[in-house]
$ cat run-v5.txt   # compact mmCIF, C-alpha atoms
# COMPACT_ATOMS: atom_id res chain seq x y z
CA MET A 263 43.61 -27.50 18.63
CA THR A 264 43.52 -29.25 15.26
CA GLU A 265 42.39 -32.40 17.01
CA LYS A 266 39.42 -30.50 18.45
CA ALA A 267 38.53 -29.14 15.04
CA ASP A 268 38.61 -32.61 13.52
CA ARG A 269 35.94 -33.85 15.90
CA VAL A 270 33.23 -31.83 14.17
CA SER A 271 32.41 -31.15 10.55
CA LYS A 272 33.56 -27.94 8.90
CA ILE A 273 30.04 -26.59 8.69
CA GLU A 274 29.36 -27.31 12.36
CA LEU A 275 32.59 -25.57 13.35
CA ALA A 276 31.67 -22.65 11.10
CA LYS A 277 28.33 -22.35 12.91
CA VAL A 278 30.07 -22.30 16.28
CA LEU A 279 32.59 -19.66 15.18
CA LYS A 280 29.86 -17.53 13.64
CA SER A 281 27.81 -17.69 16.85
CA VAL A 282 30.87 -16.65 18.86
CA ARG A 283 31.51 -13.73 16.51
CA ASP A 284 27.93 -12.51 16.63
CA ALA A 285 27.75 -12.71 20.43
CA SER A 286 31.27 -11.40 21.22
CA PRO A 287 31.42 -7.99 22.88
CA ASP A 288 34.40 -6.98 20.71
CA SER A 289 36.60 -8.21 17.87
CA GLU A 290 39.54 -8.97 20.17
CA THR A 291 37.53 -11.49 22.20
CA ASN A 292 36.22 -13.06 19.03
CA GLN A 293 39.72 -13.42 17.57
CA LYS A 294 41.08 -15.13 20.69
CA ILE A 295 38.32 -17.75 20.69
CA LYS A 296 38.63 -18.16 16.93
CA GLU A 297 42.33 -19.01 17.18
CA LEU A 298 41.60 -21.67 19.76
CA LEU A 299 39.12 -23.47 17.53
CA LEU A 300 40.43 -23.04 13.97
CA PRO A 301 42.73 -25.77 12.56
CA ASP A 302 46.37 -24.94 11.82
CA ASP A 303 46.17 -25.89 8.15
CA GLN A 304 45.63 -22.72 6.09
CA GLN A 305 43.50 -24.40 3.44
CA GLU A 306 41.21 -25.84 6.08
CA ARG A 307 40.94 -22.43 7.73
CA GLU A 308 39.91 -20.87 4.41
CA LYS A 309 37.24 -23.52 3.88
CA ILE A 310 35.76 -22.76 7.28
CA GLU A 311 35.90 -18.99 6.62
CA ASN A 312 34.03 -19.58 3.36
CA ALA A 313 31.44 -21.62 5.23
CA ILE A 314 30.96 -18.72 7.69
CA ASN A 315 30.44 -16.35 4.77
CA GLY A 316 27.78 -18.70 3.41
CA LEU A 317 25.96 -18.67 6.74
CA ASP A 318 26.09 -14.86 6.75
CA VAL A 319 24.32 -14.82 3.38
CA GLU A 320 21.56 -17.03 4.78
CA ASP A 321 21.15 -14.60 7.67
CA GLU A 322 20.89 -11.65 5.29
CA PHE A 323 18.18 -13.38 3.29
CA ALA A 324 16.27 -14.19 6.48
CA VAL A 325 16.47 -10.60 7.73
CA ARG A 326 15.37 -9.26 4.34
CA CYS A 327 12.32 -11.53 4.51
CA ARG A 328 11.52 -10.31 8.00
CA LEU A 329 11.89 -6.65 7.04
CA MET A 330 9.64 -7.06 3.97
CA GLU A 331 6.85 -8.57 6.15
CA THR A 332 5.55 -11.06 3.58
CA ALA A 333 6.85 -14.30 5.14
CA THR A 334 4.75 -15.70 7.97
CA HIS A 335 7.26 -18.49 8.69
CA LEU A 336 10.94 -18.93 7.85
CA ILE A 337 12.38 -22.01 9.53
CA PRO A 338 16.09 -22.84 9.18
CA LEU A 339 16.82 -26.53 8.69
CA GLU A 340 19.96 -26.88 10.78
CA GLY A 341 21.77 -29.70 12.52
CA GLN A 342 22.35 -33.31 11.55
CA PRO A 343 19.29 -35.38 10.52
CA ILE A 344 18.17 -38.00 13.02
CA ILE A 345 17.21 -40.41 10.23
CA PRO A 346 19.81 -40.70 7.43
CA SER A 347 18.53 -40.12 3.88
CA ASP A 348 19.93 -39.60 0.42
CA ASP A 349 18.40 -36.16 -0.07
CA SER A 350 19.66 -32.71 0.94
CA ARG A 351 17.73 -30.37 3.14
CA PRO A 352 17.41 -26.82 1.84
CA ASP A 353 18.31 -23.89 4.05
CA PHE A 354 14.73 -22.94 4.90
CA LEU A 355 11.16 -24.10 5.01
CA ALA A 356 8.97 -21.07 4.43
CA ARG A 357 5.44 -19.82 4.20
CA PHE A 358 4.75 -16.58 2.33
CA GLN A 359 1.54 -14.60 2.23
CA PRO A 360 2.38 -11.51 0.18
CA GLY A 361 0.04 -8.88 -1.08
CA CYS A 362 0.22 -7.46 -4.59
CA ALA A 363 0.62 -3.74 -3.98
CA ILE A 364 0.73 -2.67 -7.62
CA HIS A 365 -2.77 -4.19 -8.03
CA ASN A 366 -4.02 -3.03 -4.60
CA TYR A 367 -4.22 -6.48 -2.99
CA THR A 368 -3.06 -7.07 0.59
CA GLY A 369 -1.81 -10.36 2.02
CA ASN A 370 -5.29 -11.02 3.45
CA ALA A 371 -6.55 -11.65 -0.07
CA ASN A 372 -4.81 -15.02 -0.39
CA ASN A 373 -4.22 -18.25 1.50
CA GLY A 374 -0.43 -18.15 1.37
CA PHE A 375 1.84 -20.96 0.23
CA HIS A 376 4.64 -23.16 1.54
CA CYS A 377 8.00 -23.80 -0.11
CA CYS A 378 11.63 -24.85 0.30
CA ILE A 379 14.35 -22.21 -0.15
CA GLU A 380 18.05 -22.77 -0.80
CA VAL A 381 20.29 -19.69 -0.43
CA LYS A 382 23.44 -19.21 -2.51
CA SER A 383 25.91 -16.43 -3.31
CA THR A 384 28.63 -15.69 -5.84
CA LYS A 385 31.09 -12.96 -6.78
CA LYS A 386 30.43 -13.72 -10.44
CA LYS A 387 27.65 -12.43 -12.71
CA ASN A 388 25.95 -15.83 -12.70
CA ARG A 389 25.62 -18.77 -10.34
CA LYS A 390 25.26 -22.25 -11.81
CA LEU A 391 23.40 -24.86 -9.77
CA SER A 392 23.82 -28.45 -10.89
CA GLY A 393 25.01 -31.94 -10.08
CA LYS A 394 24.41 -34.09 -7.06
CA LYS A 395 23.49 -31.22 -4.76
CA LEU A 396 20.70 -30.05 -7.07
CA ARG A 397 19.33 -33.58 -7.46
CA ARG A 398 19.28 -34.11 -3.69
CA LEU A 399 17.53 -30.78 -3.07
CA ARG A 400 14.91 -31.68 -5.66
CA LYS A 401 14.40 -35.06 -4.01
CA PHE A 402 13.79 -33.42 -0.63
CA SER A 403 11.25 -30.95 -2.02
CA LYS A 404 9.49 -33.77 -3.88
CA GLU A 405 9.29 -35.92 -0.73
CA PHE A 406 7.50 -33.06 1.04
CA ASN A 407 5.51 -32.04 -2.04
CA LEU A 408 6.80 -28.47 -1.87
CA PRO A 409 8.07 -26.14 -4.61
CA LEU A 410 11.81 -25.39 -4.51
CA PHE A 411 13.14 -21.84 -4.74
CA PHE A 412 16.69 -20.54 -5.00
CA ALA A 413 17.63 -17.18 -3.49
CA VAL A 414 20.95 -16.07 -4.94
CA LYS A 415 23.06 -13.07 -3.96
CA LEU A 416 25.12 -11.85 -6.93
CA ASN A 417 28.03 -9.59 -6.05
CA SER A 418 30.19 -9.26 -9.16
CA THR A 419 30.52 -5.46 -9.12
CA GLY A 420 30.50 -4.72 -5.39
CA ASP A 421 26.81 -3.79 -5.44
CA SER A 422 24.95 -6.95 -4.51
CA VAL A 423 21.80 -8.03 -6.33
CA TRP A 424 19.38 -10.52 -4.78
CA THR A 425 17.39 -12.73 -7.14
CA ILE A 426 14.84 -15.44 -6.36
CA ILE A 427 13.77 -18.10 -8.86
CA GLU A 428 11.56 -21.17 -8.75
CA ASP A 429 12.96 -24.52 -9.89
CA GLU A 430 10.16 -25.12 -12.38
CA ASN A 431 11.84 -27.43 -14.92
CA ARG A 432 12.88 -30.50 -12.95
CA GLU A 433 14.05 -32.19 -16.16
CA SER A 434 16.87 -29.68 -16.57
CA SER A 435 20.23 -30.88 -15.19
CA SER A 436 21.34 -27.37 -14.22
CA ILE A 437 20.08 -23.89 -13.40
CA ASN A 438 21.85 -20.64 -14.24
CA VAL A 439 20.88 -17.65 -12.10
CA GLY A 440 21.89 -14.16 -13.23
CA GLU A 441 20.96 -10.51 -12.80
CA GLU A 442 18.25 -10.85 -15.45
CA HIS A 443 16.27 -12.86 -12.89
CA LEU A 444 15.80 -9.68 -10.87
CA ILE A 445 13.06 -8.99 -13.43
CA SER A 446 12.19 -12.46 -14.75
CA GLY A 447 12.38 -14.19 -11.35
CA VAL A 448 9.92 -14.07 -8.46
CA ARG A 449 11.63 -11.88 -5.86
CA HIS A 450 9.17 -9.03 -6.45
CA VAL A 451 6.26 -11.48 -6.09
CA LEU A 452 7.40 -13.09 -2.82
CA TRP A 453 8.35 -9.73 -1.30
CA ASN A 454 5.40 -7.78 -2.78
CA GLU A 455 7.93 -5.39 -4.20
CA TYR A 456 7.87 -2.42 -6.54
CA THR A 457 10.10 0.38 -7.79
CA LEU A 458 10.13 3.89 -6.33
CA THR A 459 11.26 6.68 -8.67
CA TRP A 460 12.11 10.24 -7.63
CA MET A 461 10.55 12.83 -9.92
CA PRO A 462 13.24 15.14 -11.33
CA ASP A 463 11.06 18.27 -11.10
CA SER A 464 11.01 18.01 -7.28
CA SER A 465 13.64 19.61 -5.05
CA VAL A 466 14.66 19.08 -1.44
CA VAL A 467 15.50 21.81 1.05
CA ARG A 468 17.15 20.84 4.34
CA VAL A 469 17.40 23.42 7.11
CA PHE A 470 20.19 22.80 9.64
CA ASP A 471 20.91 24.57 12.94
CA ARG A 472 24.33 24.43 14.62
CA GLU A 473 22.65 24.95 18.00
CA ALA A 474 20.43 21.91 17.48
CA THR A 475 23.05 19.13 17.52
CA ASN A 476 21.98 17.63 20.86
CA ASP A 477 18.27 17.04 20.27
CA ALA A 478 18.22 16.65 16.49
CA LEU A 479 17.51 13.19 15.09
CA ALA A 480 19.60 13.82 11.96
CA LYS A 481 22.93 15.64 11.89
CA SER A 482 25.44 16.85 9.33
CA GLU A 483 28.47 19.10 9.07
CA TYR A 484 26.00 22.00 9.30
CA GLY A 485 24.45 20.93 12.60
CA GLY A 486 21.14 19.27 13.43
CA LEU A 487 18.30 18.93 10.92
CA ARG A 488 15.52 21.31 11.94
CA GLU A 489 13.21 21.08 8.95
CA LEU A 490 12.84 19.27 5.64
CA VAL A 491 10.97 20.94 2.79
CA ILE A 492 10.12 19.12 -0.45
CA LYS A 493 8.96 21.27 -3.34
CA GLY A 494 7.05 19.73 -6.21
CA GLU A 495 5.59 21.26 -9.34
CA SER A 496 2.48 22.52 -7.56
CA VAL A 497 2.86 21.53 -3.90
CA GLU A 498 5.24 22.05 -0.99
CA LEU A 499 5.58 19.60 1.91
CA ARG A 500 7.19 20.45 5.26
CA PHE A 501 8.43 17.95 7.83
CA LYS A 502 10.08 18.26 11.24
CA ASP A 503 11.58 16.02 13.91
CA ALA A 504 11.26 12.23 13.29
CA MET A 505 9.44 12.59 9.95
CA ALA A 506 12.11 14.97 8.67
CA ALA A 507 14.93 12.68 9.78
CA GLY A 508 13.33 9.53 8.33
CA ILE A 509 12.38 11.03 4.97
CA SER A 510 15.78 12.73 4.69
CA ALA A 511 17.51 9.35 5.14
CA ILE A 512 15.29 7.79 2.46
CA LEU A 513 16.00 10.58 -0.01
CA ASN A 514 19.75 10.06 0.42
CA GLU A 515 19.30 6.70 -1.34
CA PHE A 516 18.13 8.51 -4.48
CA ASP A 517 21.56 10.07 -5.11
CA MET A 518 20.60 13.61 -4.25
CA LYS A 519 22.93 16.19 -5.76
CA ARG A 520 23.63 19.38 -3.83
CA LEU A 521 22.62 22.42 -5.88
CA ARG A 522 23.44 25.25 -3.48
CA VAL A 523 24.07 26.05 0.18
CA ASN A 524 23.14 29.28 2.00
CA ARG A 525 24.44 30.20 5.48
CA GLU A 526 23.04 32.82 7.83
CA GLY A 527 24.54 32.65 11.31
CA ASN A 528 23.85 29.21 12.81
CA ILE A 529 21.29 28.34 10.11
CA THR A 530 22.36 26.55 6.92
CA THR A 531 19.95 25.84 4.07
CA GLU A 532 20.91 23.10 1.61
CA VAL A 533 19.03 22.66 -1.68
CA SER A 534 19.36 19.39 -3.61
CA SER A 535 17.64 17.30 -6.25
CA SER A 536 17.98 14.08 -8.22
CA GLY A 537 17.70 13.22 -11.87
CA GLY A 538 15.02 10.57 -11.59
CA LYS A 539 16.89 7.88 -9.67
CA GLU A 540 15.05 4.58 -9.00
CA ALA A 541 15.18 2.34 -5.92
CA LEU A 542 13.76 -1.13 -5.34
CA LEU A 543 11.66 -1.26 -2.18
CA ALA A 544 13.43 -4.27 -0.61
CA ASP A 545 16.87 -2.74 -1.15
CA LEU A 546 15.73 0.59 0.26
CA VAL A 547 14.27 -1.06 3.37
CA TYR A 548 17.39 -3.16 3.98
CA LYS A 549 19.86 -0.27 3.54
CA LEU A 550 17.97 1.97 5.95
CA SER A 551 17.71 -0.83 8.53
CA GLU A 552 21.46 -1.38 8.33
CA ILE A 553 22.11 2.35 8.67
CA SER A 554 19.86 2.52 11.75
CA THR A 555 22.05 0.03 13.65
CA ASP A 556 25.64 0.08 14.85
CA ASP A 557 26.41 -3.37 13.41
CA LYS A 558 27.82 -2.33 10.05
CA GLY A 559 28.87 -5.29 7.92
CA THR A 560 27.49 -7.96 10.28
CA PHE A 561 24.03 -6.45 10.82
CA PRO A 562 21.97 -9.51 9.73
CA SER A 563 23.90 -12.07 11.79
CA ARG A 564 24.09 -9.90 14.88
CA PHE A 565 20.40 -9.10 14.62
CA ILE A 566 19.51 -12.80 14.48
CA ALA A 567 21.92 -13.65 17.31
CA ARG A 568 20.15 -11.08 19.50
CA VAL A 569 16.66 -11.52 18.09
CA ASP A 570 15.01 -11.75 21.52
CA LYS A 571 16.48 -8.39 22.51
CA ALA A 572 16.08 -6.86 19.08
CA SER A 573 12.43 -7.81 18.67
CA GLY A 574 11.34 -4.71 20.53
CA ALA A 575 13.76 -2.42 18.70
CA THR A 576 12.69 0.01 16.01
CA LEU A 577 13.98 -1.13 12.64
CA ALA A 578 13.36 0.51 9.30
CA ASP A 579 11.03 -2.26 8.17
CA ARG A 580 8.59 -2.12 5.26
CA SER A 581 5.76 -0.60 7.29
CA LEU A 582 7.93 2.30 8.48
CA ILE A 583 9.35 3.07 5.04
CA GLU A 584 5.91 2.98 3.39
CA TYR A 585 4.55 5.25 6.12
CA LEU A 586 7.35 7.76 5.54
CA VAL A 587 7.07 7.83 1.74
CA LYS A 588 3.25 7.92 1.67
CA PRO A 589 2.92 11.76 1.52
CA LEU A 590 5.56 11.87 -1.23
CA VAL A 591 3.74 9.22 -3.26
CA GLU A 592 0.36 10.89 -2.75
CA ASN A 593 1.80 14.16 -4.06
CA GLN A 594 3.61 12.46 -6.97
CA MET A 595 7.10 13.35 -5.80
CA LEU A 596 7.84 9.64 -5.72
CA THR A 597 6.11 7.32 -8.16
CA ILE A 598 5.44 3.59 -7.77
CA SER A 599 5.84 1.23 -10.72
CA ALA A 600 5.94 -2.51 -11.28
CA ILE A 601 9.15 -4.53 -11.55
CA GLY A 602 8.79 -6.11 -14.94
CA SER A 603 5.32 -6.83 -16.31
CA PRO A 604 2.42 -5.89 -13.98
CA ASP A 605 0.28 -8.61 -15.61
CA ARG A 606 2.92 -11.29 -14.99
CA HIS A 607 3.28 -10.13 -11.38
CA LEU A 608 -0.45 -10.55 -10.84
CA GLU A 609 -0.48 -13.93 -12.62
CA LEU A 610 2.34 -15.31 -10.45
CA TRP A 611 0.83 -13.84 -7.30
CA LYS A 612 -2.45 -15.61 -7.98
CA ARG A 613 -0.66 -18.88 -8.69
CA TYR A 614 1.25 -18.72 -5.39
CA SER A 615 -1.72 -17.44 -3.42
CA GLY A 616 -4.18 -20.30 -3.73
CA ASN A 617 -7.76 -19.08 -3.66
CA VAL A 618 -7.68 -15.31 -4.06
CA THR A 619 -10.39 -13.60 -2.00
CA PRO A 620 -11.60 -10.25 -3.34
CA GLU A 621 -11.10 -7.45 -0.83

$ encode --input "run-v5.txt" --output "structure tokens"
Amino acid sequence: MTEKADRVSKIELAKVLKSVRDASPDSETNQKIKELLLPDDQQEREKIENAINGLDVEDEFAVRCRLMETATHLIPLEGQPIIPSDDSRPDFLARFQPGCAIHNYTGNANNGFHCCIEVKSTKKKNRKLSGKKLRRLRKFSKEFNLPLFFAVKLNSTGDSVWTIIEDENRESSSINVGEEHLISGVRHVLWNEYTLTWMPDSSVVRVFDREATNDALAKSEYGGLRELVIKGESVELRFKDAMAAGISAILNEFDMKRLRVNREGNITTEVSSSGGKEALLADLVYKLSEISTDDKGTFPSRFIARVDKASGATLADRSLIEYLVKPLVENQMLTISAIGSPDRHLELWKRYSGNVTPE
């Protein structure tokens, strides 16, 4: 077994094991195959497990890009190079063509741009990028005359934060990426992202029916969701069926607090509200996509492994979420605001967009 493992590099073995995991019908089958391929040495096993975790992070980034609908191409640079070189290939070659929603531009207003993207993760508050690896990545991007971006997943508190920065100062010997780059970086530019804020003077009424558990799209301890009513300062919105289920799931991400519950026979009415909680669009889209699948924990990798089958599936992508929240935004129950400076967002968007065409 160890002899087999030694025939391939750790990263290649990690890719094989990850593919087996993502395609396995159950965890027992995966574990049996895993034991056949992993080396006996515990330290070597841990290195390969860490490599698998790194590949999972790349998958999550790729799925987030797909769900946000601003990347036209995202090409993984896998496998061994045919021609040896002294540079390092980044994880992806990409082309983005984002709009700038906070300034009412769509992606059709620009020419798009190409770039290299390296994906990293850490359980610390910051991730330092330096040394030989950084120099080799810079050399690759220079050879292809492409800007280099780093997408870093920070997970120091259990709640992960994705940041994206451009490697602008090539004279610097290192780069430190932290949570502050959520605002000062370019994630919101590449993903055409903004903040959604729930207005505290709005309340939510959910009407459940214990006799509606079979055909209801959303269920709770009170039965199936029959109707969703959102009451603002001067307007009341009512939703049923798929719209009620979708909007109800979105509102759960705004930390709704239950105010009171009334029961009359099979009907239960729940009233809740929130104190002005904010949500970033990309995080909201990703969470609801993960909830809509059965692949908790390994959703990105399993989605990619079955992309041919999944391509026709309904995921909670950007278009669906924006469709569902539109009546709430129009009636000022949810408000849209820029992440960081709106002027800087527009400036960066124009820089990355080439010739901006007025719409």

$ atom_distance --input "run-v5.txt" --atom1 "atom CA of Arg468 of chain A" --atom2 "atom CA of Arg525 of chain A"
11.9 Å

$ residues_around --input "run-v5.txt" --residues "segment 447-459 of chain A" --least-positions-apart "6" --cutoff "6 Å" --atoms "all atoms listed in the file" --output "JSON, numbers by chain"
{"A": [332, 360, 361, 362, 425, 426, 427, 539, 540, 541, 542, 543, 596, 597, 598, 599, 600, 601]}

$ write_last_selection --input "run-v5.txt" --atoms "C-alpha atoms" --output "short mmCIF file (atom, residue, chain, number, x, y, z; two decimals), in the frame of the given file"
data_model
loop_
_atom_site.label_atom_id
_atom_site.label_comp_id
_atom_site.auth_asym_id
_atom_site.auth_seq_id
_atom_site.Cartn_x
_atom_site.Cartn_y
_atom_site.Cartn_z
CA THR A 332 5.55 -11.06 3.58
CA PRO A 360 2.38 -11.51 0.18
CA GLY A 361 0.04 -8.88 -1.08
CA CYS A 362 0.22 -7.46 -4.59
CA THR A 425 17.39 -12.73 -7.14
CA ILE A 426 14.84 -15.44 -6.36
CA ILE A 427 13.77 -18.10 -8.86
CA LYS A 539 16.89 7.88 -9.67
CA GLU A 540 15.05 4.58 -9.00
CA ALA A 541 15.18 2.34 -5.92
CA LEU A 542 13.76 -1.13 -5.34
CA LEU A 543 11.66 -1.26 -2.18
CA LEU A 596 7.84 9.64 -5.72
CA THR A 597 6.11 7.32 -8.16
CA ILE A 598 5.44 3.59 -7.77
CA SER A 599 5.84 1.23 -10.72
CA ALA A 600 5.94 -2.51 -11.28
CA ILE A 601 9.15 -4.53 -11.55
#

$ atom_distance --input "run-v5.txt" --atom1 "atom CA of Leu336 of chain A" --atom2 "atom CA of Ser551 of chain A"
19.3 Å

$ residues_around --input "run-v5.txt" --residues "Phe354 of chain A" --least-positions-apart "3" --cutoff "7 Å" --atoms "only C-alpha atoms" --output "ChimeraX atom specification"
/A:336-339,378-380

$ closest_residue --input "run-v5.txt" --among "A:Leu399, A:Val325, A:Leu590, A:Val533" --to "Asp349 of chain A" --atoms "only C-alpha atoms"
A:Leu399

$ atom_distance --input "run-v5.txt" --atom1 "atom CA of Ser534 of chain A" --atom2 "atom CA of Val591 of chain A"
18.6 Å

$ residues_around --input "run-v5.txt" --residues "Arg398 of chain A" --least-positions-apart "3" --cutoff "8 Å" --atoms "only C-alpha atoms" --output "PyMOL selection string"
chain A and resi 348-351+394-395+401-402

$ closest_residue --input "run-v5.txt" --among "A:Pro409, A:His376, A:Arg522, A:Asn366" --to "Leu608 of chain A" --atoms "all atoms listed in the file"
A:Asn366

$ closest_residue --input "run-v5.txt" --among "A:Leu487, A:Val466, A:Leu329, A:Ile437" --to "Phe412 of chain A" --atoms "all atoms listed in the file"
A:Ile437

$ residues_near_point --input "run-v5.txt" --point "(-6.1, -2.5, -7.7)" --cutoff "12 Å" --atoms "all atoms listed in the file" --output "ChimeraX atom specification"
/A:361-368,371,604-605,608,620-621

$ closest_residue --input "run-v5.txt" --among "A:Leu586, A:Ile492, A:Met595, A:Leu416" --to "Ala504 of chain A" --atoms "only C-alpha atoms"
A:Leu586

$ closest_residue --input "run-v5.txt" --among "A:Tyr548, A:Val469, A:Glu442, A:Ala506" --to "Asn524 of chain A" --atoms "all atoms listed in the file"
A:Val469

$ residues_around --input "run-v5.txt" --residues "Cys377 of chain A" --least-positions-apart "3" --cutoff "7 Å" --atoms "only C-alpha atoms" --output "list in words"
Leu355, Ala356, Arg357, Leu408, Pro409 and Leu410 of chain A

$ residues_around --input "run-v5.txt" --residues "Glu473 of chain A" --least-positions-apart "4" --cutoff "12 Å" --atoms "only C-alpha atoms" --output "compact mmCIF listing (two decimals) with C-alpha atoms, in the frame of the given file"
# COMPACT_ATOMS: atom_id res chain seq x y z
CA ASP A 477 18.27 17.04 20.27
CA ALA A 478 18.22 16.65 16.49
CA LYS A 481 22.93 15.64 11.89
CA TYR A 484 26.00 22.00 9.30
CA GLY A 485 24.45 20.93 12.60
CA GLY A 486 21.14 19.27 13.43
CA LEU A 487 18.30 18.93 10.92
CA ARG A 488 15.52 21.31 11.94
CA GLY A 527 24.54 32.65 11.31
CA ASN A 528 23.85 29.21 12.81
CA ILE A 529 21.29 28.34 10.11
CA THR A 530 22.36 26.55 6.92
